[in-house]
Amino acid sequence: MAQHLDAKASLAAGEKRARLASLAAAARLVAGVALKQESARPRIAEVLLKPSFEAETSLRVIAEPDHTIVELMSAESIVSPQFTKKTVVASNCASRFWTKLDELLAAPFDFERNIGFDGITIKVDCRTPAGQKHFEVWSPKPTSHAGMLVGLIYDIAQEASTAPAAIRCLENLRSYLR
């Protein structure tokens, strides 16, 4: 009888180990799927700049599988037709941008509460695996969290843009961003 109980206990322990191994394999599978989903999340940083006396401008930075694109949509003036310029960003510049953006998105964020008439309203939408921010701000200080985020997107657009119309547009916005 004791041998029978020992055999039963041994069988139960073996079944337990097999179940634990099965659960561990399932956990590794779920973790792998979660990691793939995390890396598949879109990486995008976008600002809509609405200055008081210039044309609205949209700056969008998008991570594609093999490169990063900066897209600028604006107009030469408030009454001019809209144009779109897309530029592929150098890989080292893109890497620095995404690293800095991840740092900004992961950090605690203090929002400014400014209002006024002669300035710029900025809508921000940023999403990366490190975090996301969606907000609207009026004329942020360059040293504020919002100002640093907007400045980062503006800087990569300025660095990547080569079309004369895009360069002029960015130069016109510089005074609004201080």
# chains A, B, ... in the order shown; residues from 1 in each chain; ligands from 1
$ residues_around --residues "Ala146 (chain A)" --least-positions-apart "6" --cutoff "9 Å" --atoms "only C-alpha atoms" --output "ChimeraX atom specification"
/A:109-112,124,135,137,140
$ write_last_selection --atoms "N, CA, C and O atoms" --output "JSON list (two decimals), in the first residue's frame"
[["chain", "number", "residue", "atom", "x", "y", "z"],
["A", 109, "PHE", "N", 4.55, 65.53, -16.55],
["A", 109, "PHE", "CA", 4.27, 66.67, -17.41],
["A", 109, "PHE", "C", 3.49, 67.73, -16.66],
["A", 109, "PHE", "O", 2.43, 67.45, -16.11],
["A", 110, "ASP", "N", 4.01, 68.94, -16.62],
["A", 110, "ASP", "CA", 3.30, 70.08, -16.05],
["A", 110, "ASP", "C", 2.79, 70.92, -17.21],
["A", 110, "ASP", "O", 3.57, 71.35, -18.07],
["A", 111, "PHE", "N", 1.48, 71.17, -17.23],
["A", 111, "PHE", "CA", 0.89, 71.94, -18.33],
["A", 111, "PHE", "C", 0.79, 73.41, -17.95],
["A", 111, "PHE", "O", 0.39, 73.75, -16.84],
["A", 112, "GLU", "N", 1.14, 74.27, -18.89],
["A", 112, "GLU", "CA", 1.01, 75.71, -18.70],
["A", 112, "GLU", "C", -0.44, 76.11, -18.93],
["A", 112, "GLU", "O", -1.14, 75.52, -19.73],
["A", 124, "VAL", "N", -1.05, 69.16, -29.84],
["A", 124, "VAL", "CA", 0.01, 68.15, -29.86],
["A", 124, "VAL", "C", -0.61, 66.76, -29.73],
["A", 124, "VAL", "O", -1.51, 66.54, -28.92],
["A", 135, "PHE", "N", -2.61, 67.19, -26.12],
["A", 135, "PHE", "CA", -3.00, 68.41, -25.41],
["A", 135, "PHE", "C", -2.99, 69.59, -26.37],
["A", 135, "PHE", "O", -2.52, 69.51, -27.49],
["A", 137, "VAL", "N", -2.07, 73.86, -26.18],
["A", 137, "VAL", "CA", -1.39, 74.86, -25.35],
["A", 137, "VAL", "C", -1.28, 76.16, -26.15],
["A", 137, "VAL", "O", -1.24, 76.14, -27.38],
["A", 140, "PRO", "N", 3.59, 78.26, -25.54],
["A", 140, "PRO", "CA", 4.36, 77.69, -24.42],
["A", 140, "PRO", "C", 5.76, 78.28, -24.34],
["A", 140, "PRO", "O", 6.35, 78.66, -25.35]]
$ residues_around --residues "Leu105 (chain A)" --least-positions-apart "4" --cutoff "9 Å" --atoms "only C-alpha atoms" --output "number ranges by chain"
A: 100-101, 109, 126-128, 130-133, 149
$ closest_residue --among "A:Ile153, A:Ala94, A:Met73, A:Ile115" --to "Ala165 (chain A)" --atoms "only C-alpha atoms"
A:Met73
$ residues_around --residues "Ala163 (chain A)" --least-positions-apart "6" --cutoff "10 Å" --atoms "only C-alpha atoms" --output "PDB file with N, CA, C and O atoms, in the first residue's frame"
ATOM      1  N   LYS A  85       4.991  68.891 -47.981  1.00  0.00           N
ATOM      2  CA  LYS A  85       6.370  68.473 -48.257  1.00  0.00           C
ATOM      3  C   LYS A  85       6.717  67.327 -47.323  1.00  0.00           C
ATOM      4  O   LYS A  85       6.542  67.417 -46.106  1.00  0.00           O
ATOM      5  N   LYS A  86       7.204  66.232 -47.910  1.00  0.00           N
ATOM      6  CA  LYS A  86       7.632  65.070 -47.126  1.00  0.00           C
ATOM      7  C   LYS A  86       9.118  64.860 -47.336  1.00  0.00           C
ATOM      8  O   LYS A  86       9.612  64.962 -48.463  1.00  0.00           O
ATOM      9  N   THR A  87       9.803  64.539 -46.246  1.00  0.00           N
ATOM     10  CA  THR A  87      11.247  64.334 -46.295  1.00  0.00           C
ATOM     11  C   THR A  87      11.615  63.130 -45.439  1.00  0.00           C
ATOM     12  O   THR A  87      11.110  62.987 -44.323  1.00  0.00           O
TER      13      THR A  87
END
$ residues_around --residues "Ile167 (chain A)" --least-positions-apart "2" --cutoff "12 Å" --atoms "only C-alpha atoms" --output "VMD selection string"
chain A and resid 72 to 76 85 154 to 155 157 to 165 169 to 174
